[in-house]
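Listing of input-v6.txt, compact mmCIF, C-alpha atoms
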```txt
# COMPACT_ATOMS: atom_id res chain seq x y z
CA MET J 358 21.31 60.98 -37.26
CA GLY J 359 23.47 60.32 -40.30
CA THR J 360 26.83 58.58 -40.50
CA LYS J 361 30.07 60.46 -40.22
CA GLU J 362 30.30 60.57 -44.00
CA ASP J 363 26.82 62.14 -44.19
CA LYS J 364 27.75 65.07 -41.96
CA LEU J 365 27.82 68.54 -43.48
CA SER J 366 30.44 71.24 -43.03
CA TRP J 367 29.11 74.70 -42.17
CA TRP J 368 29.57 76.00 -45.72
CA GLN J 369 27.69 73.01 -47.19
CA PHE J 370 24.93 73.74 -44.69
CA SER J 371 24.91 77.39 -45.83
CA LEU J 372 24.58 76.28 -49.45
CA PHE J 373 21.69 74.00 -48.53
CA GLY J 374 20.06 76.99 -46.79
CA VAL J 375 20.40 79.07 -49.96
CA GLY J 376 18.70 76.27 -51.89
CA CYS J 377 15.82 76.18 -49.38
CA THR J 378 15.40 79.96 -49.29
CA ILE J 379 15.76 81.34 -52.82
CA GLY J 380 12.64 80.28 -54.66
CA THR J 381 9.33 81.52 -55.96
CA GLY J 382 8.88 83.60 -52.79
CA PHE J 383 11.60 85.87 -54.17
CA PHE J 384 11.37 85.33 -57.92
CA LEU J 385 7.64 86.11 -58.04
CA GLY J 386 6.61 87.18 -54.53
CA SER J 387 8.97 90.17 -54.71
CA SER J 388 6.73 91.63 -57.43
CA ILE J 389 3.94 91.95 -54.82
CA ALA J 390 6.39 93.58 -52.37
CA ILE J 391 7.50 96.09 -55.03
CA LYS J 392 3.93 96.81 -56.15
CA LYS J 393 2.86 97.66 -52.60
CA SER J 394 6.05 99.25 -51.22
CA GLY J 395 7.64 101.03 -54.18
CA GLY J 396 11.23 102.13 -53.59
CA LEU J 397 10.96 101.33 -49.88
CA VAL J 398 11.01 97.66 -50.86
CA LEU J 399 14.78 97.72 -50.27
CA ILE J 400 14.29 98.85 -46.68
CA ILE J 401 11.60 96.27 -45.91
CA PHE J 402 13.79 93.51 -47.37
CA LEU J 403 16.57 94.62 -45.05
CA LEU J 404 14.20 94.65 -42.05
CA ALA J 405 12.82 91.22 -42.99
CA ALA J 406 16.37 89.88 -43.31
CA LEU J 407 17.25 91.22 -39.85
CA ALA J 408 14.18 89.63 -38.25
CA THR J 409 14.81 86.37 -40.12
CA LEU J 410 18.38 86.33 -38.78
CA PHE J 411 17.13 86.73 -35.21
CA VAL J 412 14.59 83.91 -35.67
CA TYR J 413 17.25 81.67 -37.17
CA GLU J 414 19.76 82.47 -34.40
CA ALA J 415 17.15 81.57 -31.76
CA LEU J 416 16.50 78.24 -33.51
CA ALA J 417 20.22 77.59 -34.06
CA GLN J 418 21.06 78.22 -30.40
CA MET J 419 18.39 75.75 -29.30
CA THR J 420 19.73 73.24 -31.82
CA ALA J 421 23.34 73.73 -30.67
CA LYS J 422 22.37 73.15 -27.04
CA HIS J 423 19.86 70.32 -27.58
CA PRO J 424 20.06 68.76 -31.08
CA GLU J 425 16.62 67.27 -31.74
CA LYS J 426 15.18 65.57 -34.81
CA GLY J 427 11.86 67.39 -34.39
CA SER J 428 13.58 70.81 -34.22
CA PHE J 429 11.28 73.67 -33.14
CA ARG J 430 8.30 71.33 -32.68
CA THR J 431 10.24 69.33 -30.08
CA TYR J 432 11.54 72.48 -28.38
CA ALA J 433 8.00 73.87 -28.09
CA LYS J 434 6.93 70.59 -26.48
CA GLU J 435 9.84 70.79 -23.99
CA ALA J 436 9.03 74.40 -23.14
CA PHE J 437 5.25 74.33 -22.84
CA GLY J 438 4.04 70.74 -22.97
CA ARG J 439 2.63 68.34 -25.51
CA TRP J 440 -0.11 70.72 -26.69
CA ALA J 441 2.54 73.18 -27.93
CA GLY J 442 4.43 70.59 -29.97
CA PHE J 443 1.17 69.26 -31.41
CA SER J 444 -0.23 72.65 -32.42
CA MET J 445 3.07 73.97 -33.73
CA GLY J 446 3.57 70.87 -35.89
CA TRP J 447 0.13 71.19 -37.48
CA VAL J 448 0.32 74.98 -37.94
CA TYR J 449 3.67 74.54 -39.69
CA TRP J 450 2.28 71.72 -41.83
CA SER J 451 -0.60 74.01 -42.84
CA SER J 452 1.79 76.81 -43.80
CA GLU J 453 3.88 74.43 -45.88
CA MET J 454 0.81 73.16 -47.73
CA LEU J 455 -0.13 76.73 -48.61
CA ILE J 456 3.44 77.46 -49.68
CA LEU J 457 3.37 74.34 -51.86
CA GLY J 458 0.26 75.75 -53.53
CA SER J 459 1.96 79.11 -53.95
CA SER J 460 5.05 77.50 -55.54
CA LEU J 461 2.86 75.41 -57.82
CA THR J 462 0.98 78.51 -58.98
CA ALA J 463 4.20 80.47 -59.53
CA ILE J 464 5.72 77.73 -61.70
CA GLY J 465 2.52 77.68 -63.73
CA LEU J 466 2.68 81.46 -64.20
CA PHE J 467 6.32 81.22 -65.34
CA SER J 468 5.30 78.51 -67.82
CA GLN J 469 2.51 80.71 -69.17
CA TYR J 470 5.22 83.11 -70.34
CA TRP J 471 5.98 80.52 -73.04
CA PHE J 472 2.47 79.12 -73.40
CA PRO J 473 0.03 81.97 -72.59
CA GLY J 474 -2.95 80.10 -74.01
CA VAL J 475 -2.68 77.16 -71.60
CA PRO J 476 -4.91 77.51 -68.49
CA LEU J 477 -3.09 77.81 -65.18
CA TRP J 478 -4.83 74.80 -63.66
CA ILE J 479 -3.41 72.51 -66.37
CA PHE J 480 0.14 73.54 -65.48
CA ALA J 481 -0.69 73.13 -61.77
CA ALA J 482 -1.99 69.61 -62.38
CA GLY J 483 0.96 68.65 -64.61
CA TYR J 484 3.64 69.89 -62.22
CA SER J 485 1.87 68.21 -59.27
CA VAL J 486 1.96 64.82 -61.00
CA LEU J 487 5.59 65.34 -62.05
CA ALA J 488 6.63 66.35 -58.52
CA LEU J 489 4.94 63.28 -57.05
CA LEU J 490 6.72 61.02 -59.54
CA VAL J 491 10.10 62.57 -58.71
CA VAL J 492 9.52 62.10 -54.97
CA ILE J 493 8.39 58.49 -55.39
CA LEU J 494 11.11 57.49 -57.87
CA GLY J 495 14.08 59.57 -56.82
CA SER J 496 13.76 60.84 -53.25
CA SER J 497 17.28 59.71 -52.32
CA GLY J 498 18.88 62.42 -54.43
CA ILE J 499 16.70 65.36 -53.40
CA ASN J 500 19.18 66.89 -50.91
CA LYS J 501 22.09 66.65 -53.38
CA ALA J 502 19.95 68.13 -56.13
CA GLU J 503 18.97 71.01 -53.83
CA ASN J 504 22.63 72.02 -53.47
CA LEU J 505 23.07 71.89 -57.26
CA PHE J 506 19.96 74.02 -57.80
CA ALA J 507 21.21 76.46 -55.15
CA ILE J 508 24.26 77.11 -57.35
CA VAL J 509 22.02 77.46 -60.43
CA LYS J 510 19.78 80.00 -58.64
CA ILE J 511 22.75 82.02 -57.37
CA ALA J 512 24.27 81.99 -60.88
CA ALA J 513 20.98 83.21 -62.40
CA ILE J 514 20.68 86.14 -60.00
CA VAL J 515 24.37 87.02 -60.42
CA MET J 516 23.89 86.90 -64.21
CA PHE J 517 21.00 89.35 -63.90
CA ILE J 518 23.03 91.68 -61.65
CA VAL J 519 26.01 91.63 -64.06
CA VAL J 520 23.88 92.22 -67.18
CA ALA J 521 21.73 94.96 -65.61
CA GLY J 522 24.78 96.58 -64.00
CA PHE J 523 26.66 96.58 -67.30
CA ALA J 524 23.66 98.10 -69.12
CA LEU J 525 23.39 100.80 -66.46
CA ILE J 526 27.10 101.69 -66.67
CA LYS J 527 26.97 101.63 -70.46
CA GLY J 528 24.08 104.09 -70.39
CA SER J 529 21.34 101.96 -71.95
CA GLU J 530 18.22 103.84 -73.03
CA ALA J 531 16.15 101.24 -71.14
CA ALA J 532 17.67 102.35 -67.83
CA LYS J 533 16.35 105.26 -65.78
CA SER J 534 18.47 107.52 -63.62
CA VAL J 535 18.31 107.08 -59.85
CA THR J 536 16.38 110.38 -59.65
CA GLU J 537 13.81 109.16 -62.18
CA SER J 538 13.52 105.84 -60.35
CA VAL J 539 12.94 107.57 -57.00
CA SER J 540 10.24 109.70 -58.64
CA GLU J 541 8.68 106.60 -60.23
CA TRP J 542 8.69 104.40 -57.11
CA GLY J 543 8.59 106.95 -54.29
CA GLY J 544 4.82 107.39 -53.98
CA ALA J 545 3.94 104.33 -51.90
CA GLY J 546 5.27 105.81 -48.64
CA TRP J 547 5.57 104.08 -45.29
CA MET J 548 1.98 102.87 -45.48
CA GLY J 549 2.93 100.97 -48.65
CA ALA J 550 6.03 99.57 -46.93
CA TRP J 551 3.85 98.37 -44.05
CA ARG J 552 1.52 96.58 -46.49
CA GLY J 553 4.43 95.01 -48.35
CA LEU J 554 6.48 93.80 -45.38
CA LEU J 555 4.88 90.33 -45.32
CA TYR J 556 6.01 89.63 -48.88
CA ALA J 557 9.58 90.59 -48.04
CA PHE J 558 9.44 88.07 -45.19
CA TYR J 559 8.02 85.49 -47.58
CA ALA J 560 11.16 85.70 -49.73
CA PHE J 561 13.11 84.33 -46.75
CA SER J 562 10.77 81.42 -46.03
CA GLY J 563 12.72 78.18 -45.76
CA ILE J 564 15.16 79.06 -42.98
CA GLU J 565 13.13 76.93 -40.57
CA VAL J 566 13.95 73.89 -42.75
CA MET J 567 17.59 74.43 -41.74
CA GLY J 568 16.49 73.66 -38.18
CA PHE J 569 15.52 70.15 -39.25
CA MET J 570 18.79 69.70 -41.18
CA ALA J 571 21.02 71.07 -38.40
CA MET J 572 21.23 67.54 -36.97
CA ASN J 573 23.42 66.68 -39.97
CA LEU J 574 26.05 69.33 -39.19
CA SER J 575 29.45 67.88 -38.27
CA LYS J 576 29.66 70.63 -35.62
CA PRO J 577 26.15 71.73 -34.52
CA LYS J 578 27.66 74.76 -32.75
CA GLU J 579 28.53 76.17 -36.21
CA ALA J 580 24.84 76.40 -37.12
CA PRO J 581 24.59 80.13 -36.18
CA LYS J 582 27.63 81.00 -38.33
CA ALA J 583 26.28 79.01 -41.28
CA GLY J 584 22.95 80.83 -41.08
CA ARG J 585 24.53 84.28 -40.82
CA VAL J 586 26.69 83.68 -43.90
CA MET J 587 23.71 82.30 -45.82
CA LEU J 588 21.44 85.24 -44.93
CA ILE J 589 24.12 87.83 -45.75
CA VAL J 590 24.63 86.27 -49.20
CA VAL J 591 20.90 85.95 -49.89
CA THR J 592 20.13 89.49 -48.68
CA LEU J 593 22.88 91.01 -50.86
CA LEU J 594 21.61 89.11 -53.91
CA TYR J 595 18.04 90.18 -53.22
CA MET J 596 18.78 93.85 -52.67
CA LEU J 597 21.21 94.23 -55.58
CA SER J 598 18.89 92.51 -58.05
CA ILE J 599 15.74 94.34 -56.91
CA GLY J 600 17.57 97.69 -56.73
CA LEU J 601 18.76 97.27 -60.33
CA ALA J 602 15.35 96.02 -61.49
CA LEU J 603 13.70 99.23 -60.21
CA LEU J 604 15.92 101.22 -62.59
CA PHE J 605 14.56 99.36 -65.63
CA ILE J 606 10.86 98.78 -64.96
CA THR J 607 7.89 101.09 -64.50
CA LYS J 608 4.76 100.74 -62.40
CA ASP J 609 2.68 100.18 -65.54
CA HIS J 610 4.82 97.24 -66.65
CA LEU J 611 5.08 95.53 -63.26
CA THR J 612 2.46 92.80 -62.91
CA LEU J 613 1.93 90.18 -60.23
CA ASP J 614 2.17 87.30 -62.71
CA LYS J 615 5.70 88.08 -63.96
CA SER J 616 9.04 88.08 -62.18
CA PRO J 617 10.57 91.55 -61.72
CA LEU J 618 13.85 90.05 -62.99
CA ILE J 619 12.33 89.10 -66.35
CA LEU J 620 11.00 92.57 -67.23
CA PRO J 621 14.37 94.43 -67.28
CA LEU J 622 15.93 91.83 -69.58
CA THR J 623 12.91 92.19 -71.88
CA SER J 624 13.29 95.99 -71.97
CA LEU J 625 17.00 95.56 -72.78
CA GLY J 626 16.09 93.48 -75.83
CA LEU J 627 17.81 90.29 -74.65
CA PRO J 628 15.32 87.53 -75.55
CA ILE J 629 17.83 84.69 -75.19
CA LEU J 630 18.66 85.69 -71.60
CA VAL J 631 14.93 86.15 -70.89
CA HIS J 632 14.24 82.56 -71.96
CA ILE J 633 17.26 81.23 -70.05
CA LEU J 634 16.20 83.04 -66.87
CA ASN J 635 12.59 81.94 -67.26
CA GLY J 636 13.80 78.34 -67.59
CA VAL J 637 15.88 78.74 -64.42
CA LEU J 638 12.85 80.16 -62.58
CA ILE J 639 10.78 77.10 -63.53
CA VAL J 640 13.54 74.63 -62.59
CA ALA J 641 14.26 76.50 -59.33
CA GLY J 642 10.58 76.62 -58.41
CA PHE J 643 10.11 72.96 -59.24
CA SER J 644 13.11 71.96 -57.11
CA ILE J 645 11.58 73.81 -54.13
CA LEU J 646 8.23 72.12 -54.84
CA VAL J 647 9.77 68.63 -54.84
CA ALA J 648 11.92 69.21 -51.75
CA SER J 649 9.00 70.76 -49.84
CA LEU J 650 6.61 67.98 -50.84
CA TYR J 651 9.03 65.32 -49.64
CA GLY J 652 9.90 67.27 -46.48
CA VAL J 653 6.31 68.01 -45.45
CA SER J 654 5.32 64.37 -46.11
CA THR J 655 8.21 63.18 -43.93
CA MET J 656 7.18 65.63 -41.20
CA LEU J 657 3.57 64.40 -41.34
CA SER J 658 4.94 60.88 -40.85
CA ALA J 659 7.02 62.13 -37.90
CA LEU J 660 3.91 63.68 -36.31
CA SER J 661 2.31 60.26 -36.58
CA ASP J 662 5.35 58.58 -34.99
CA ASP J 663 4.97 60.92 -32.00
CA GLY J 664 1.28 60.14 -31.66
CA ASP J 665 0.28 63.62 -32.90
CA ALA J 666 -1.34 62.31 -36.10
CA PRO J 667 -3.21 59.12 -37.06
CA ALA J 668 -0.97 56.03 -36.79
CA TRP J 669 -1.52 54.98 -40.41
CA LEU J 670 0.28 58.11 -41.62
CA ALA J 671 3.55 56.73 -40.21
CA LYS J 672 3.45 53.62 -42.38
CA LYS J 673 6.11 53.47 -45.08
CA LYS J 674 5.98 51.41 -48.23
CA GLY J 675 8.29 50.04 -50.91
CA LYS J 676 12.03 49.53 -51.12
CA ARG J 677 12.69 53.22 -50.44
CA GLN J 678 10.41 53.21 -47.37
CA LEU J 679 8.50 56.27 -48.56
CA PRO J 680 5.73 57.78 -46.39
CA LEU J 681 3.15 57.08 -49.11
CA TYR J 682 0.09 57.64 -46.92
CA ALA J 683 1.41 61.01 -45.78
CA LEU J 684 2.25 61.78 -49.40
CA ALA J 685 -1.34 60.95 -50.37
CA VAL J 686 -2.72 63.40 -47.77
CA ASN J 687 -0.45 66.14 -49.09
CA THR J 688 -1.50 65.28 -52.64
CA ALA J 689 -5.07 66.08 -51.60
CA GLY J 690 -3.79 69.52 -50.57
CA LEU J 691 -2.21 69.98 -53.99
CA CYS J 692 -5.54 69.06 -55.58
CA ILE J 693 -7.16 71.94 -53.68
CA SER J 694 -4.54 74.28 -55.21
CA ILE J 695 -5.39 72.96 -58.67
CA VAL J 696 -9.10 73.63 -58.09
CA LEU J 697 -8.31 77.14 -56.85
CA ALA J 698 -6.19 77.74 -59.98
CA LEU J 699 -9.23 76.71 -62.02
CA VAL J 700 -11.76 79.00 -60.35
CA MET J 701 -9.61 82.05 -59.49
CA PRO J 702 -6.46 82.11 -61.67
CA LYS J 703 -5.95 85.89 -61.56
CA SER J 704 -5.74 86.34 -57.80
CA ILE J 705 -4.73 82.90 -56.54
CA PHE J 706 -1.00 83.59 -56.17
CA GLU J 707 -1.42 86.66 -53.99
CA HIS J 708 -4.11 85.05 -51.80
CA ILE J 709 -2.24 81.77 -51.22
CA THR J 710 1.05 83.61 -50.72
CA THR J 711 -0.57 85.92 -48.16
CA ALA J 712 -2.17 83.07 -46.19
CA GLY J 713 0.95 80.86 -46.37
CA GLY J 714 3.27 83.69 -45.37
CA LEU J 715 1.10 84.63 -42.39
CA VAL J 716 0.82 81.07 -41.06
CA LEU J 717 4.58 80.66 -41.43
CA LEU J 718 5.16 83.87 -39.45
CA TYR J 719 2.94 82.53 -36.67
CA THR J 720 5.35 79.56 -36.52
CA TRP J 721 8.37 81.87 -36.39
CA LEU J 722 6.71 83.86 -33.60
CA PHE J 723 6.32 80.70 -31.53
CA VAL J 724 9.96 79.76 -32.21
CA LEU J 725 10.99 83.04 -30.56
CA ILE J 726 8.61 82.54 -27.60
CA THR J 727 9.97 79.00 -27.14
CA TYR J 728 13.55 80.30 -27.25
CA LEU J 729 12.84 82.89 -24.53
CA LYS J 730 11.18 80.25 -22.34
CA LEU J 731 13.65 77.40 -22.90
CA LEU J 732 17.06 79.10 -22.95
CA LYS J 733 16.29 82.29 -21.00
CA PRO J 734 18.86 84.31 -23.00
CA ARG J 735 20.74 87.34 -21.78
CA ILE J 736 19.59 90.88 -22.55
CA GLY J 737 21.08 90.84 -26.08
CA GLY J 738 19.15 87.72 -27.05
CA GLN J 739 15.97 89.12 -25.50
CA ILE J 740 16.26 92.40 -27.42
CA LYS J 741 16.82 90.55 -30.71
CA SER J 742 13.80 88.35 -30.07
CA TRP J 743 11.54 91.28 -29.25
CA VAL J 744 12.73 93.24 -32.30
CA ALA J 745 11.91 90.23 -34.49
CA MET J 746 8.50 89.82 -32.83
CA VAL J 747 7.65 93.50 -33.39
CA LEU J 748 8.61 93.26 -37.09
CA ILE J 749 6.59 90.04 -37.48
CA ALA J 750 3.59 91.73 -35.81
CA ALA J 751 4.00 94.68 -38.20
CA ALA J 752 4.03 92.33 -41.20
CA VAL J 753 0.88 90.54 -40.00
CA SER J 754 -1.03 93.75 -39.19
CA GLY J 755 0.03 95.38 -42.46
CA ILE J 756 -2.07 92.88 -44.39
CA LEU J 757 -5.23 94.27 -42.81
CA ALA J 758 -4.41 97.73 -44.18
CA GLU J 759 -5.40 96.65 -47.69
CA LYS J 760 -8.59 94.94 -48.85
CA SER J 761 -6.81 92.49 -51.19
CA GLY J 762 -4.86 90.97 -48.28
CA ARG J 763 -7.79 90.38 -45.93
CA ALA J 764 -8.92 87.13 -47.56
CA GLY J 765 -5.47 85.66 -46.88
CA PHE J 766 -5.50 87.00 -43.31
CA TRP J 767 -8.88 85.46 -42.45
CA THR J 768 -7.81 82.18 -44.07
CA SER J 769 -4.66 82.09 -41.91
CA LEU J 770 -6.68 82.90 -38.79
CA LEU J 771 -9.20 80.16 -39.61
CA ILE J 772 -6.36 77.63 -39.91
CA VAL J 773 -4.95 78.61 -36.50
CA VAL J 774 -8.40 78.48 -34.86
CA ILE J 775 -9.06 74.99 -36.30
CA VAL J 776 -5.67 73.74 -35.09
CA LEU J 777 -6.25 75.23 -31.62
CA LEU J 778 -9.69 73.65 -31.36
CA ILE J 779 -8.29 70.25 -32.29
CA THR J 780 -5.41 70.80 -29.84
CA TRP J 781 -7.91 71.63 -27.07
CA MET J 782 -9.84 68.42 -27.75
CA MET J 783 -6.66 66.35 -27.89
CA ASN J 784 -5.34 67.95 -24.71
CA ARG J 785 -8.47 66.86 -22.83
CA LYS J 786 -7.97 63.33 -24.18
CA TRP J 787 -4.30 63.32 -23.13
CA ALA J 788 -5.20 64.65 -19.68
CA GLN J 789 -7.61 61.76 -19.16
CA LYS J 790 -4.83 59.33 -20.04
CA GLY J 791 -2.14 61.25 -18.11
CA MET J 792 -0.17 61.95 -21.30
CA THR J 793 0.16 65.75 -21.16
```

Represent the supplied structure as structure tokens.
Amino acid sequence: MGTKEDKLSWWQFSLFGVGCTIGTGFFLGSSIAIKKSGGLVLIIFLLAALATLFVYEALAQMTAKHPEKGSFRTYAKEAFGRWAGFSMGWVYWSSEMLILGSSLTAIGLFSQYWFPGVPLWIFAAGYSVLALLVVILGSSGINKAENLFAIVKIAAIVMFIVVAGFALIKGSEAAKSVTESVSEWGGAGWMGAWRGLLYAFYAFSGIEVMGFMAMNLSKPKEAPKAGRVMLIVVTLLYMLSIGLALLFITKDHLTLDKSPLILPLTSLGLPILVHILNGVLIVAGFSILVASLYGVSTMLSALSDDGDAPAWLAKKKGKRQLPLYALAVNTAGLCISIVLALVMPKSIFEHITTAGGLVLLYTWLFVLITYLKLLKPRIGGQIKSWVAMVLIAAAVSGILAEKSGRAGFWTSLLIVVIVLLITWMMNRKWAQKGMT
């Protein structure tokens, strides 16, 4: 719990949520969603936003009623027992490690726009070292910086919307008519939308971090309002920018290693804005990388404090009391991402994004199940939860409809199976000691 001066108003909390949400999942992950879904990408983004809202509202209502430092991990433990808190904590940690790898890869791909001859693994290694240094030397300012970068990211998307909108109104030759765009992007059909739904969800990853930060709200009961405002703003920015982008790019030009916001500015012949936006994408992605690395290291330390991880992970060192051992474990995870970038640079982003997005959705699914068990909401809350669960199930199953997504699916399933096996062994140990 922070001091009174540390408390956030609901609008500051909303801004923090924007900073946690808008990142490489949108700036680069949306290219996968567009590639698979075509023009229906706008509909799947709207559906993903709706489900995300319902997940967030469930988490916010639990937070408002029982503010807990451990957020959804603690609520799962209260609802189902220690095994649930243990498994949920480690599944979420696994998803965050994959998302860290995805962010790292995306920043490297953005950097290759300027330096195409530099191998992706070199960028991955360089940004990993830089992120670690920032966390070790300047962790105290990460939350403040996140709010600043939130404004920068919003400004960048608004700039794109204004420029693309002006070019469309002016009648630029680079812009297609709505009819031409529908013809260009209309072939994917509902099967394509089903395959792309996961990547629309991935653009909203980060809302669960707001659950951890909700303890810092001056009025915890305003958490639902803050989340609704944040998601409305983010969804409008996403849909306007993607909708305009579809009017300027073609299927042939859309690639999975370039942001769909960069391509329209290139076709409009605006190299200065292209370089500015690319710089913002790198800075925005790096800010998410640093915040996530610090957050997931802190959470690993918290798991240790609760006896759900080795005790040495809880030890903190130095004047800033940083969880250096936890940071070292997460650094090992980043090293795996670097190796993957070395051996499979062409497909790494899609595979890591798929696996990370799936494992995160498993966490969201358990948040909803915990909410139904713990608060026993009225019919409205139950309907919202079931709608969200159906959409999450559709996103997960859609990955199996395409061969390229199956590697990520089996990876995510392997992670869950490993966590459940460890949980089963730990549960037997706890039962013997009467600690369940």

Which residues of range 428-522 of chain J come within 10 Å of range 758-780 of chain J, and what is each one's closest atom pair and distance in Å (one decimal), counting only C-alpha atoms, sorted by chain and residue number, as a tab-separated table?
```
residue	atom	partner	partner_atom	distance
J:Arg439	CA	J:Thr780	CA	9.5
J:Trp440	CA	J:Thr780	CA	6.2
J:Ala441	CA	J:Thr780	CA	8.5
J:Gly442	CA	J:Thr780	CA	9.8
J:Phe443	CA	J:Thr780	CA	6.9
J:Ser444	CA	J:Thr780	CA	6.1
J:Met445	CA	J:Val776	CA	8.8
J:Gly446	CA	J:Val776	CA	9.7
J:Trp447	CA	J:Val776	CA	6.8
J:Val448	CA	J:Val773	CA	6.6
J:Ser451	CA	J:Ile772	CA	7.4
J:Ser452	CA	J:Ser769	CA	8.5
J:Leu455	CA	J:Ser769	CA	9.7
```

- Message: Which residues are near range 732-737 of chain J? Cut-off 10 Å, only C-alpha atoms, ignore same chain within fewer than 6 positions. Put them as a list of chain:residue names.
- Response: J:Ala415, J:Gln418, J:Met419, J:Lys422, J:Ala436

- Task: Would you mind listing what lies within 8 Å of range 575-590 of chain J as JSON, numbers by chain, with only C-alpha atoms counted and same-chain residues fewer than 3 positions away left out?
- Result: {"J": [361, 364, 365, 366, 367, 368, 370, 371, 372, 374, 375, 406, 410, 413, 414, 417, 418, 420, 421, 422, 424, 571, 572, 593, 594]}

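One finds CA of Phe472 in chain J at 17.8 Å from CA of Ile695 in chain J.
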
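Between Ala532 in chain J and the candidates J:Ala433, J:Ile479, J:Val491, J:Leu604, the tightest atom-to-atom separation, counting all atoms listed in the file, involves J:Leu604.
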
- Message: Let me make sure I understand: among J:Ala666, J:Ala408, J:Met454, J:Ala390, which one has the smallest atom-to-atom distance to Ala712 in chain J if we use only C-alpha atoms?
- Response: J:Met454

Residues of range 426-476 of chain J at most 8 Å from range 606-620 of chain J: nearest atom pair and distance in Å, all atoms listed in the file, as CSV:
```
residue,atom,partner,partner_atom,distance
J:Ala463,CA,J:Asp614,CA,7.8
J:Leu466,CA,J:Asp614,CA,6.0
J:Phe467,CA,J:Lys615,CA,7.0
```

- From CA of Gly755 in chain J to CA of Met701 in chain J the spacing works out at 23.7 Å

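Nearest-residue note for Ile391 in chain J: choosing from J:Tyr556, J:Phe411, J:Phe643, J:Phe429, the minimum distance belongs to J:Tyr556, counting all atoms listed in the file.
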
- With all atoms listed in the file as the atoms that count, which of J:Leu457, J:Ile645, J:Val724, J:Leu494 lies nearest to Phe437 in chain J? J:Val724
